[in-house]
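**Q** Just one file: target.csv, with CSV, C-alpha atoms.
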```csv
chain,number,residue,atom,x,y,z
A,6,MET,CA,-36.9,-43.0,-12.9
A,7,GLU,CA,-36.6,-39.7,-14.7
A,8,ALA,CA,-38.4,-37.9,-11.9
A,9,LYS,CA,-36.0,-39.4,-9.4
A,10,MET,CA,-33.0,-38.3,-11.4
A,11,ILE,CA,-34.4,-34.8,-11.7
A,12,SER,CA,-35.0,-34.6,-8.0
A,13,GLN,CA,-31.5,-35.8,-7.3
A,14,GLY,CA,-30.1,-33.2,-9.6
A,15,ILE,CA,-32.1,-30.5,-7.9
A,16,LEU,CA,-31.0,-31.7,-4.5
A,17,ARG,CA,-27.4,-31.8,-5.7
A,18,ALA,CA,-27.6,-28.2,-7.0
A,19,VAL,CA,-29.2,-27.0,-3.8
A,20,LEU,CA,-26.4,-28.6,-1.7
A,21,GLN,CA,-23.8,-27.0,-4.0
A,22,LEU,CA,-25.4,-23.6,-3.6
A,23,LEU,CA,-25.5,-24.1,0.2
A,24,GLY,CA,-21.9,-25.1,0.1
A,25,VAL,CA,-20.9,-22.0,-1.8
A,26,GLY,CA,-23.0,-19.8,0.5
A,27,LEU,CA,-21.4,-21.4,3.5
A,28,LEU,CA,-17.9,-20.7,2.0
A,29,PHE,CA,-18.7,-17.0,1.4
A,30,TRP,CA,-20.1,-16.8,4.9
A,31,LEU,CA,-16.9,-18.3,6.4
A,32,VAL,CA,-14.7,-16.0,4.3
A,33,TYR,CA,-16.7,-13.0,5.6
A,34,GLN,CA,-16.5,-14.1,9.2
A,35,LEU,CA,-12.8,-14.9,9.0
A,36,GLN,CA,-11.8,-12.0,6.8
A,37,ASP,CA,-9.4,-10.6,9.5
A,38,ILE,CA,-7.5,-14.0,9.6
A,39,LEU,CA,-7.4,-14.1,5.8
A,40,ILE,CA,-6.0,-10.5,5.7
A,41,TYR,CA,-3.3,-11.5,8.2
A,42,PHE,CA,-2.5,-14.5,6.1
A,43,ALA,CA,-2.3,-12.5,2.9
A,44,ILE,CA,0.0,-9.9,4.5
A,45,ALA,CA,2.2,-12.6,5.9
A,46,ALA,CA,2.3,-14.2,2.4
A,47,VAL,CA,3.5,-10.9,1.0
A,48,ILE,CA,6.1,-10.6,3.7
A,49,SER,CA,7.3,-14.1,3.1
A,50,LEU,CA,7.7,-13.3,-0.6
A,51,ILE,CA,9.7,-10.2,0.2
A,52,GLY,CA,11.9,-12.1,2.7
A,53,ARG,CA,12.3,-15.2,0.5
A,54,PRO,CA,15.5,-14.0,-1.2
A,55,LEU,CA,17.1,-13.3,2.2
A,56,VAL,CA,16.1,-16.8,3.5
A,57,LEU,CA,17.6,-18.4,0.3
A,58,PHE,CA,20.8,-16.4,0.7
A,59,PHE,CA,21.3,-17.4,4.3
A,60,HIS,CA,20.3,-21.0,3.7
A,61,GLN,CA,22.0,-21.7,0.3
A,62,LYS,CA,25.0,-19.3,0.4
A,63,LEU,CA,25.8,-19.2,4.1
A,64,LYS,CA,24.7,-22.8,4.7
A,65,LEU,CA,22.5,-21.9,7.7
A,66,ARG,CA,19.6,-24.1,8.8
A,67,MET,CA,16.1,-22.9,7.6
A,68,LEU,CA,15.1,-22.2,11.2
A,69,VAL,CA,18.1,-19.9,11.7
A,70,ALA,CA,17.7,-18.3,8.3
A,71,SER,CA,14.0,-17.6,8.7
A,72,THR,CA,14.6,-16.2,12.3
A,73,ILE,CA,17.3,-13.8,11.1
A,74,THR,CA,15.1,-12.7,8.2
A,75,ILE,CA,12.1,-12.0,10.5
A,76,VAL,CA,14.4,-10.1,12.9
A,77,ILE,CA,15.7,-8.0,9.9
A,78,LEU,CA,12.3,-7.2,8.6
A,79,MET,CA,10.9,-6.4,12.1
A,80,SER,CA,13.9,-4.1,12.8
A,81,LEU,CA,13.3,-2.3,9.5
A,82,THR,CA,9.6,-1.9,10.4
A,83,VAL,CA,10.4,-0.6,13.9
A,84,GLY,CA,13.0,1.8,12.4
A,85,VAL,CA,10.5,3.2,10.0
A,86,ILE,CA,7.8,3.6,12.7
A,87,SER,CA,10.3,5.3,15.0
A,88,LEU,CA,10.9,7.9,12.4
A,89,PHE,CA,7.3,9.2,13.0
A,90,VAL,CA,7.7,9.4,16.7
A,91,PRO,CA,9.5,12.8,16.8
A,92,LEU,CA,6.9,14.2,14.4
A,93,LEU,CA,4.0,13.0,16.4
A,94,VAL,CA,5.5,14.3,19.7
A,95,GLN,CA,6.2,17.7,18.1
A,96,GLN,CA,2.6,17.9,16.7
A,97,GLY,CA,1.2,16.8,20.1
A,98,GLU,CA,3.2,19.6,21.8
A,99,ASN,CA,1.9,22.1,19.2
A,100,LEU,CA,-1.7,21.0,19.7
A,101,SER,CA,-1.3,21.3,23.5
A,102,LEU,CA,-0.1,24.8,23.2
A,103,LEU,CA,-2.4,25.7,20.3
A,104,ASN,CA,-4.2,29.0,20.4
A,105,VAL,CA,-7.2,28.6,18.2
A,106,ASP,CA,-7.7,32.3,17.7
A,107,VAL,CA,-4.1,32.8,16.5
A,108,LEU,CA,-4.5,29.8,14.2
A,109,GLU,CA,-7.7,31.3,12.7
A,110,GLN,CA,-5.9,34.6,12.1
A,111,LYS,CA,-2.9,32.9,10.4
A,112,ILE,CA,-5.2,30.9,8.1
A,113,GLY,CA,-7.2,34.0,7.3
A,114,GLN,CA,-4.0,35.9,6.6
A,115,LEU,CA,-2.7,33.2,4.4
A,116,MET,CA,-5.9,33.0,2.4
A,117,ALA,CA,-6.0,36.8,2.0
A,118,GLU,CA,-2.4,36.8,0.7
A,119,ILE,CA,-3.2,34.0,-1.8
A,120,SER,CA,-6.3,35.8,-3.0
A,121,SER,CA,-4.4,39.1,-3.3
A,122,TYR,CA,-1.5,37.5,-5.2
A,123,PHE,CA,-3.6,35.5,-7.6
A,124,HIS,CA,-6.5,38.0,-7.8
A,125,LEU,CA,-9.0,35.3,-6.6
A,126,ASP,CA,-12.4,35.7,-5.0
A,127,ILE,CA,-12.5,33.5,-1.9
A,128,THR,CA,-15.5,35.1,-0.2
A,129,PHE,CA,-17.1,31.7,0.5
A,130,TRP,CA,-14.1,30.4,2.4
A,131,GLU,CA,-13.8,33.6,4.4
A,132,GLN,CA,-17.4,33.2,5.4
A,133,GLN,CA,-16.7,29.6,6.5
A,134,LEU,CA,-13.8,30.8,8.6
A,135,ALA,CA,-15.9,33.6,10.2
A,136,ALA,CA,-18.7,31.2,11.0
A,137,PRO,CA,-18.9,30.3,14.7
A,138,SER,CA,-19.1,26.6,14.1
A,139,PHE,CA,-15.8,26.4,12.3
A,140,PHE,CA,-13.4,26.5,15.3
A,141,ASP,CA,-16.0,26.2,18.0
A,142,ALA,CA,-16.4,22.5,16.9
A,143,ILE,CA,-13.0,21.8,18.6
A,144,SER,CA,-14.2,20.5,22.0
A,145,LEU,CA,-12.4,18.6,24.7
A,146,SER,CA,-15.5,16.5,25.2
A,147,ALA,CA,-14.4,14.3,22.3
A,148,VAL,CA,-11.0,13.5,23.9
A,149,PRO,CA,-12.2,10.5,25.9
A,150,ASP,CA,-13.9,8.9,22.9
A,151,PHE,CA,-10.8,9.6,20.8
A,152,LEU,CA,-8.5,8.0,23.4
A,153,ASN,CA,-10.8,4.9,23.6
A,154,SER,CA,-10.7,4.6,19.8
A,155,VAL,CA,-6.9,4.9,19.9
A,156,LEU,CA,-6.6,2.2,22.6
A,157,SER,CA,-8.9,-0.1,20.7
A,158,LEU,CA,-6.9,0.5,17.5
A,159,LEU,CA,-3.7,-0.2,19.3
A,160,GLY,CA,-5.0,-3.4,20.7
A,161,ASN,CA,-6.2,-4.6,17.3
A,162,PHE,CA,-2.9,-3.6,15.8
A,163,THR,CA,-0.9,-5.5,18.4
A,164,ILE,CA,-3.0,-8.7,17.8
A,165,GLY,CA,-2.6,-8.2,14.0
A,166,LEU,CA,1.1,-7.6,14.2
A,167,PHE,CA,1.7,-10.7,16.4
A,168,SER,CA,-0.4,-12.8,14.0
A,169,VAL,CA,1.4,-11.6,10.9
A,170,VAL,CA,4.8,-12.1,12.4
A,171,PHE,CA,3.9,-15.6,13.6
A,172,ILE,CA,2.4,-16.7,10.2
A,173,SER,CA,5.3,-15.1,8.3
A,174,PHE,CA,7.9,-17.0,10.3
A,175,PHE,CA,6.4,-20.3,9.5
A,176,LEU,CA,5.9,-19.5,5.9
A,177,LEU,CA,9.6,-18.5,5.6
A,178,ARG,CA,10.7,-21.5,7.6
A,179,ASP,CA,8.6,-23.9,5.5
A,180,SER,CA,8.3,-22.4,2.1
A,181,LYS,CA,6.4,-25.5,0.9
A,182,MET,CA,3.6,-25.0,3.5
A,183,LEU,CA,1.5,-22.8,1.3
A,184,GLU,CA,2.2,-25.1,-1.6
A,185,ARG,CA,0.9,-28.1,0.3
A,186,ILE,CA,-2.2,-26.3,1.3
A,187,ILE,CA,-3.0,-25.4,-2.3
A,188,LEU,CA,-2.2,-28.8,-3.6
A,189,THR,CA,-4.7,-30.4,-1.2
A,190,LEU,CA,-7.4,-28.5,-3.0
A,191,VAL,CA,-6.2,-29.6,-6.5
A,192,LYS,CA,-7.0,-32.8,-8.3
A,193,ASP,CA,-4.2,-35.3,-8.6
A,194,THR,CA,-4.2,-35.0,-12.4
A,195,TYR,CA,-3.3,-31.3,-12.1
A,196,THR,CA,-0.7,-31.6,-9.3
A,197,THR,CA,2.4,-31.3,-11.6
A,198,LYS,CA,1.0,-28.2,-13.4
A,199,ALA,CA,0.0,-26.7,-10.0
A,200,LYS,CA,3.5,-27.1,-8.7
A,201,VAL,CA,5.0,-25.4,-11.7
A,202,SER,CA,2.5,-22.5,-11.4
A,203,ILE,CA,3.2,-22.0,-7.7
A,204,ASP,CA,7.0,-21.9,-8.2
A,205,SER,CA,6.6,-19.4,-11.1
A,206,ILE,CA,4.2,-17.2,-9.1
A,207,LYS,CA,6.5,-17.2,-6.0
A,208,ASN,CA,9.5,-16.1,-8.1
A,209,LEU,CA,7.6,-13.4,-10.0
A,210,LEU,CA,5.8,-11.9,-7.0
A,211,SER,CA,9.0,-11.9,-5.0
A,212,ARG,CA,10.7,-9.9,-7.7
A,213,TYR,CA,7.7,-7.6,-8.0
A,214,PHE,CA,7.5,-6.7,-4.3
A,215,ILE,CA,11.2,-6.2,-4.1
A,216,GLY,CA,10.9,-4.0,-7.1
A,217,LEU,CA,8.2,-1.9,-5.3
A,218,LEU,CA,10.7,-1.4,-2.4
A,219,MET,CA,13.2,-0.1,-5.0
A,220,GLN,CA,10.5,2.2,-6.5
A,221,ILE,CA,9.7,3.7,-3.0
A,222,SER,CA,13.4,4.1,-2.2
A,223,ILE,CA,14.1,6.1,-5.4
A,224,LEU,CA,11.2,8.4,-4.8
A,225,LEU,CA,12.2,8.7,-1.1
A,226,VAL,CA,15.7,9.9,-2.1
A,227,ILE,CA,14.4,12.4,-4.6
A,228,TYR,CA,11.7,13.9,-2.2
A,229,VAL,CA,14.2,14.1,0.7
A,230,ILE,CA,16.7,16.0,-1.4
A,231,VAL,CA,14.0,18.4,-2.6
A,232,LEU,CA,12.5,19.1,0.8
A,233,ALA,CA,15.9,19.4,2.5
A,234,LEU,CA,17.1,21.9,-0.1
A,235,VAL,CA,13.9,24.0,0.4
A,236,GLY,CA,14.4,23.8,4.2
A,237,ILE,CA,11.2,21.9,5.2
A,238,GLU,CA,11.2,20.4,8.7
A,239,ASN,CA,10.8,16.6,9.1
A,240,ALA,CA,11.8,16.3,5.4
A,241,PHE,CA,12.4,12.5,5.7
A,242,VAL,CA,9.1,11.7,7.3
A,243,ILE,CA,7.1,13.8,4.8
A,244,ALA,CA,9.1,12.3,1.9
A,245,PHE,CA,8.5,8.7,3.2
A,246,LEU,CA,4.8,9.3,3.5
A,247,CYS,CA,4.5,10.7,0.0
A,248,ALA,CA,6.7,7.9,-1.5
A,249,LEU,CA,4.6,5.3,0.3
A,250,LEU,CA,1.3,6.8,-1.1
A,251,ASN,CA,2.8,6.3,-4.5
A,252,LEU,CA,2.0,2.6,-4.2
A,253,ILE,CA,-1.7,3.5,-4.8
A,254,PRO,CA,-1.8,3.8,-8.6
A,255,PHE,CA,-3.0,7.1,-10.1
A,256,LEU,CA,-4.6,8.4,-6.8
A,257,GLY,CA,-1.6,7.9,-4.6
A,258,PRO,CA,0.7,10.4,-6.4
A,259,ILE,CA,-2.1,13.0,-6.4
A,260,ILE,CA,-2.7,12.6,-2.7
A,261,GLY,CA,1.1,12.7,-2.0
A,262,GLY,CA,1.6,15.8,-4.1
A,263,VAL,CA,-1.2,17.7,-2.4
A,264,LEU,CA,0.1,16.6,1.0
A,265,MET,CA,3.6,17.7,0.3
A,266,LEU,CA,2.5,21.1,-1.0
A,267,LEU,CA,0.2,21.7,2.0
A,268,LEU,CA,2.9,20.8,4.5
A,269,THR,CA,5.3,23.1,2.7
A,270,MET,CA,2.8,26.0,2.9
A,271,THR,CA,1.7,25.4,6.5
A,272,SER,CA,5.3,25.1,7.8
A,273,ASN,CA,5.9,28.7,6.8
A,274,LEU,CA,2.7,30.4,7.9
A,275,ASP,CA,4.5,33.2,9.7
A,276,ALA,CA,6.5,34.1,6.5
A,277,SER,CA,5.5,36.3,3.6
A,278,PHE,CA,3.5,34.6,1.0
A,279,SER,CA,5.1,36.1,-2.1
A,280,ALA,CA,8.6,36.1,-0.8
A,281,VAL,CA,8.8,32.8,1.0
A,282,ILE,CA,5.7,30.5,0.8
A,283,LEU,CA,5.1,30.8,-3.0
A,284,PRO,CA,8.8,30.2,-4.1
A,285,LYS,CA,9.2,27.3,-1.7
A,286,THR,CA,5.9,25.7,-2.9
A,287,ILE,CA,7.0,26.1,-6.6
A,288,TYR,CA,10.4,24.5,-5.9
A,289,VAL,CA,8.7,21.6,-4.1
A,290,MET,CA,6.2,21.2,-6.9
A,291,ILE,CA,9.0,21.1,-9.5
A,292,GLY,CA,10.9,18.5,-7.4
A,293,PHE,CA,7.7,16.4,-7.0
A,294,ILE,CA,7.0,16.5,-10.8
A,295,PHE,CA,10.6,15.5,-11.4
A,296,GLY,CA,10.2,12.5,-9.1
A,297,GLN,CA,7.0,11.5,-10.8
A,298,LEU,CA,8.6,11.7,-14.2
A,299,VAL,CA,11.5,9.5,-13.0
A,300,ASP,CA,9.0,7.0,-11.5
A,301,ASN,CA,6.7,6.9,-14.5
A,302,PHE,CA,9.3,6.7,-17.3
A,303,PHE,CA,12.1,4.7,-15.5
A,304,SER,CA,11.1,3.0,-12.3
A,305,GLN,CA,7.7,1.6,-13.1
A,306,PRO,CA,8.5,0.4,-16.6
A,307,PHE,CA,11.7,-1.3,-15.4
A,308,ILE,CA,9.9,-3.0,-12.5
A,309,PHE,CA,6.9,-4.2,-14.5
A,310,SER,CA,8.9,-5.4,-17.5
A,311,ASN,CA,11.5,-7.2,-15.5
A,312,SER,CA,9.6,-8.5,-12.5
A,313,VAL,CA,6.2,-9.5,-13.7
A,314,LYS,CA,7.1,-9.7,-17.4
A,315,SER,CA,4.2,-7.5,-18.6
A,316,HIS,CA,4.2,-4.5,-20.9
A,317,PRO,CA,3.6,-1.1,-19.2
A,318,LEU,CA,0.5,-0.4,-21.4
A,319,GLU,CA,-0.9,-3.8,-20.4
A,320,ILE,CA,-0.4,-3.0,-16.7
A,321,PHE,CA,-2.0,0.4,-17.2
A,322,ILE,CA,-5.1,-1.1,-18.7
A,323,VAL,CA,-5.3,-3.8,-15.9
A,324,ILE,CA,-4.9,-1.2,-13.1
A,325,LEU,CA,-7.5,1.1,-14.8
A,326,ALA,CA,-10.0,-1.8,-15.1
A,327,ALA,CA,-9.4,-2.9,-11.5
A,328,GLY,CA,-9.9,0.6,-10.2
A,329,THR,CA,-13.1,1.0,-12.2
A,330,LEU,CA,-14.5,-2.3,-10.9
A,331,THR,CA,-13.3,-2.4,-7.3
A,332,GLY,CA,-11.9,1.0,-6.4
A,333,PRO,CA,-8.5,1.9,-4.9
A,334,LEU,CA,-8.0,-1.5,-3.2
A,335,GLY,CA,-8.4,-3.3,-6.5
A,336,MET,CA,-5.8,-0.9,-8.1
A,337,ILE,CA,-3.3,-1.9,-5.4
A,338,VAL,CA,-3.7,-5.7,-5.9
A,339,ALA,CA,-4.3,-5.6,-9.6
A,340,VAL,CA,-0.7,-6.3,-10.7
A,341,PRO,CA,-0.1,-9.3,-8.4
A,342,ALA,CA,-3.5,-10.8,-9.1
A,343,TYR,CA,-3.0,-10.3,-12.9
A,344,THR,CA,0.4,-12.0,-12.6
A,345,VAL,CA,-1.1,-15.0,-10.8
A,346,ILE,CA,-3.8,-15.3,-13.5
A,347,LYS,CA,-1.3,-15.1,-16.3
A,348,VAL,CA,0.9,-17.8,-14.8
A,349,ILE,CA,-2.1,-20.1,-14.3
A,350,LEU,CA,-3.3,-19.5,-17.8
A,351,LYS,CA,0.1,-20.2,-19.3
A,352,VAL,CA,0.5,-23.5,-17.4
A,353,PHE,CA,-3.0,-24.9,-17.9
A,354,TYR,CA,-4.1,-23.3,-21.2
A,355,SER,CA,-0.8,-23.0,-23.1
A,356,GLU,CA,-2.3,-24.2,-26.3
A,357,ASN,CA,-4.8,-21.3,-26.6
A,358,LYS,CA,-3.6,-18.6,-29.0
A,359,VAL,CA,-4.8,-15.7,-26.9
A,360,VAL,CA,-3.0,-17.1,-23.8
A,361,GLN,CA,0.1,-17.6,-25.9
A,362,SER,CA,0.0,-13.9,-27.0
A,363,VAL,CA,-0.5,-12.6,-23.5
A,364,THR,CA,2.0,-14.8,-21.7
A,365,LYS,CA,4.7,-15.0,-24.3
A,366,LYS,CA,7.2,-13.1,-22.1
A,367,LEU,CA,6.7,-15.5,-19.1
```
Hey, can you dump this file as structure tokens for me?

**A**
Amino acid sequence: MEAKMISQGILRAVLQLLGVGLLFWLVYQLQDILIYFAIAAVISLIGRPLVLFFHQKLKLRMLVASTITIVILMSLTVGVISLFVPLLVQQGENLSLLNVDVLEQKIGQLMAEISSYFHLDITFWEQQLAAPSFFDAISLSAVPDFLNSVLSLLGNFTIGLFSVVFISFFLLRDSKMLERIILTLVKDTYTTKAKVSIDSIKNLLSRYFIGLLMQISILLVIYVIVLALVGIENAFVIAFLCALLNLIPFLGPIIGGVLMLLLTMTSNLDASFSAVILPKTIYVMIGFIFGQLVDNFFSQPFIFSNSVKSHPLEIFIVILAAGTLTGPLGMIVAVPAYTVIKVILKVFYSENKVVQSVTKKL
């Protein structure tokens, strides 16, 4: 009898392991669909206040309210993308008329002026510029492969965009759909607590993502003003890119700052380094630092403390830990994931002292 029970236990454990392995295999194979669903869920959380406004305040049907919300969000997306078209067209014209020899001379001249002004030794970079393989690597033979890659990327983007819009519409139209999917996986004894958790998570994450939009908008205004005052072309597009990069904690602002400074310097290659390039770069750097100070000491603490009900130091530790364990992607999803975990702990383990201490603001 004992041998039979042991064999049944071993068989049950093997089946459970096979089930877990099959689940991970399915997640890996369907990762694109899961990503589409995750993006759509975020969009539905962002658009949720609009749907509630149209449905509750204006007394529109959910179908009409969700349709109007999708149209508004898509119009904003198309408007943002259209901002980059003039920049891409201009850069394409510049590349088609590009004289590689002149470009090499300009870069060499700029490096010489930088080394002369700051008394730097840049012999290594001068040797790299003088090497035949530096600019000779530019070859038209790579154009067909590049075009094929662009067309493939465009096709995948079109499929992804349609999928995200389609899923987002139904999540906005039927806000209980995701809740029903989750509740089917929860035991009946935990149904009430699961409903409370889902409602709390939806409210907190909606406020969080809307807060992120406010954060980007504040940085965008600051960067546009700085770049416009300095006289940089395509100031809005550059400012938008740098503000968007700020969504990546820690690394994003560094990348955005380097990008802004490089674009400032390269937009004035024909001018004098000491009289034009250096002063403009310094002014842009000061404006960028001012924007980061506003973001770090006003925007982020306000968003985190009022949207996800977490202390800034608590968020800092969570983001740092997520970045150490999973890299930049983990840093981006750290705050939403931490918020979900906190809500679940508060609802299901409210009697635990540690949980009470961490979730006391929820």

**Q** So that I can see what lies close to range 312-316 of chain A, please list as a list in words the residues with an atom at most 7 Å from it, counting all atoms listed in the file and leaving out residues fewer than 6 positions away in the same chain.

**A**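 Contacts, with the query itself left out: Leu209, Arg212, Tyr213, Thr344, Lys366 and Leu367 of chain A.
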
**Q** With a distance cut-off of 12 Å and all atoms listed in the file, select the neighbouring residues of Gly328 in chain A, excluding the residue or stretch itself and same-chain residues fewer than 4 positions from it, and output the selection as an mmCIF file with C-alpha atoms, in the frame of the given file.

**A**
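Result went into result37.cif, see below:
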```cif
data_model
loop_
_atom_site.group_PDB
_atom_site.id
_atom_site.type_symbol
_atom_site.label_atom_id
_atom_site.label_comp_id
_atom_site.auth_asym_id
_atom_site.auth_seq_id
_atom_site.Cartn_x
_atom_site.Cartn_y
_atom_site.Cartn_z
ATOM 1 C CA ILE A 253 -1.700 3.500 -4.800
ATOM 2 C CA PRO A 254 -1.800 3.800 -8.600
ATOM 3 C CA PHE A 255 -3.000 7.100 -10.100
ATOM 4 C CA LEU A 256 -4.600 8.400 -6.800
ATOM 5 C CA PHE A 321 -2.000 0.400 -17.200
ATOM 6 C CA ILE A 322 -5.100 -1.100 -18.700
ATOM 7 C CA VAL A 323 -5.300 -3.800 -15.900
ATOM 8 C CA ILE A 324 -4.900 -1.200 -13.100
ATOM 9 C CA GLY A 332 -11.900 1.000 -6.400
ATOM 10 C CA PRO A 333 -8.500 1.900 -4.900
ATOM 11 C CA LEU A 334 -8.000 -1.500 -3.200
ATOM 12 C CA GLY A 335 -8.400 -3.300 -6.500
ATOM 13 C CA MET A 336 -5.800 -0.900 -8.100
ATOM 14 C CA ILE A 337 -3.300 -1.900 -5.400
ATOM 15 C CA VAL A 338 -3.700 -5.700 -5.900
ATOM 16 C CA ALA A 339 -4.300 -5.600 -9.600
ATOM 17 C CA VAL A 340 -0.700 -6.300 -10.700
#
```

**Q** Find the residues near Ala70 in chain A: any atom within 9 Å, counting only C-alpha atoms, skip ones fewer than 2 places away on the same chain, and give them as an mmCIF file with C-alpha atoms, keeping the file's coordinate frame.

**A**
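part08.cif, written as the output of this step:
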```cif
data_model
loop_
_atom_site.group_PDB
_atom_site.id
_atom_site.type_symbol
_atom_site.label_atom_id
_atom_site.label_comp_id
_atom_site.auth_asym_id
_atom_site.auth_seq_id
_atom_site.Cartn_x
_atom_site.Cartn_y
_atom_site.Cartn_z
ATOM 1 C CA LEU A 55 17.100 -13.300 2.200
ATOM 2 C CA VAL A 56 16.100 -16.800 3.500
ATOM 3 C CA LEU A 57 17.600 -18.400 0.300
ATOM 4 C CA PHE A 58 20.800 -16.400 0.700
ATOM 5 C CA PHE A 59 21.300 -17.400 4.300
ATOM 6 C CA HIS A 60 20.300 -21.000 3.700
ATOM 7 C CA LEU A 65 22.500 -21.900 7.700
ATOM 8 C CA ARG A 66 19.600 -24.100 8.800
ATOM 9 C CA MET A 67 16.100 -22.900 7.600
ATOM 10 C CA LEU A 68 15.100 -22.200 11.200
ATOM 11 C CA THR A 72 14.600 -16.200 12.300
ATOM 12 C CA ILE A 73 17.300 -13.800 11.100
ATOM 13 C CA THR A 74 15.100 -12.700 8.200
ATOM 14 C CA ILE A 75 12.100 -12.000 10.500
ATOM 15 C CA LEU A 177 9.600 -18.500 5.600
ATOM 16 C CA ARG A 178 10.700 -21.500 7.600
#
```

**Q** Smallest atom-to-atom distance to Leu252 in chain A: which of A:Leu268, A:Ala326, A:Ile287, A:Leu218, using all atoms listed in the file?

**A**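 Nearest candidate to Leu252 in chain A out of A:Leu268, A:Ala326, A:Ile287, A:Leu218: A:Leu218.
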
**Q** Excluding Gln220 in chain A and residues on its chain fewer than 6 positions from it, collect all residues at most 8 Å away from it, counting only C-alpha atoms, and give them as a VMD selection string.

**A** chain A and resid 300 304 to 305 308

**Q** I need the residues from that last selection saved to file as a PDB file, in the coordinates of the input (with C-alpha atoms), if you can.

**A**
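The resulting file, again06.pdb, is reproduced below:
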```
ATOM      1  CA  ASP A 300       9.000   7.000 -11.500  1.00  0.00           C
ATOM      2  CA  SER A 304      11.100   3.000 -12.300  1.00  0.00           C
ATOM      3  CA  GLN A 305       7.700   1.600 -13.100  1.00  0.00           C
ATOM      4  CA  ILE A 308       9.900  -3.000 -12.500  1.00  0.00           C
TER       5      ILE A 308
END
```

**Q** Quick one: distance from CA of Thr163 in chain A to CA of Leu35 in chain A in Å, one decimal?

**A**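 Computed distance, CA of Thr163 in chain A to CA of Leu35 in chain A, equals 17.8 Å.
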
**Q** So how far away is CA of Gly236 in chain A from CA of Lys285 in chain A, in Å?

**A**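 According to the coordinates, CA of Lys285 in chain A and CA of Gly236 in chain A are separated by 8.6 Å.
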
**Q** What separation in Å, quoted to one decimal, exists between CA of Met290 in chain A and CA of Met219 in chain A?

**A**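 We find that CA of Met290 in chain A and CA of Met219 in chain A lie 22.5 Å from each other.
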
**Q** Between A:Ile243, A:Phe353, A:Leu225, A:Pro54, which residue has the minimum interatomic distance to Ser180 in chain A, considering all atoms listed in the file?

**A**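 Checking each candidate against Ser180 in chain A, we get A:Pro54 as the closest.
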
**Q** Using only C-alpha atoms, pick whichever of A:Tyr195, A:Phe29, A:Tyr343, A:Phe42 has the shortest atom-to-atom distance to Phe175 in chain A.

**A**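 Residue with the minimum atom-to-atom distance to Phe175 in chain A: A:Phe42.
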
**Q** With a distance cut-off of 8 Å and all atoms listed in the file, select the neighbouring residues of Ile51 in chain A, excluding the residue or stretch itself and same-chain residues fewer than 6 positions from it, and output the selection as a list in words.

**A**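 Skipping anything fewer than 6 positions along the chain leaves Ser211, Arg212, Phe214 and Ile215 of chain A.
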
**Q** Using all atoms listed in the file, which of A:Ala280, A:Ala244, A:Ile38, A:Lys358 sits nearest Ile164 in chain A?

**A**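 Using all atoms listed in the file, the shortest distance to Ile164 in chain A belongs to A:Ile38.
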
**Q** My list of candidates is A:Leu188, A:Leu267, A:Val47, A:Leu31. Which is closest to Leu217 in chain A when distances are computed with all atoms listed in the file?

**A** A:Val47
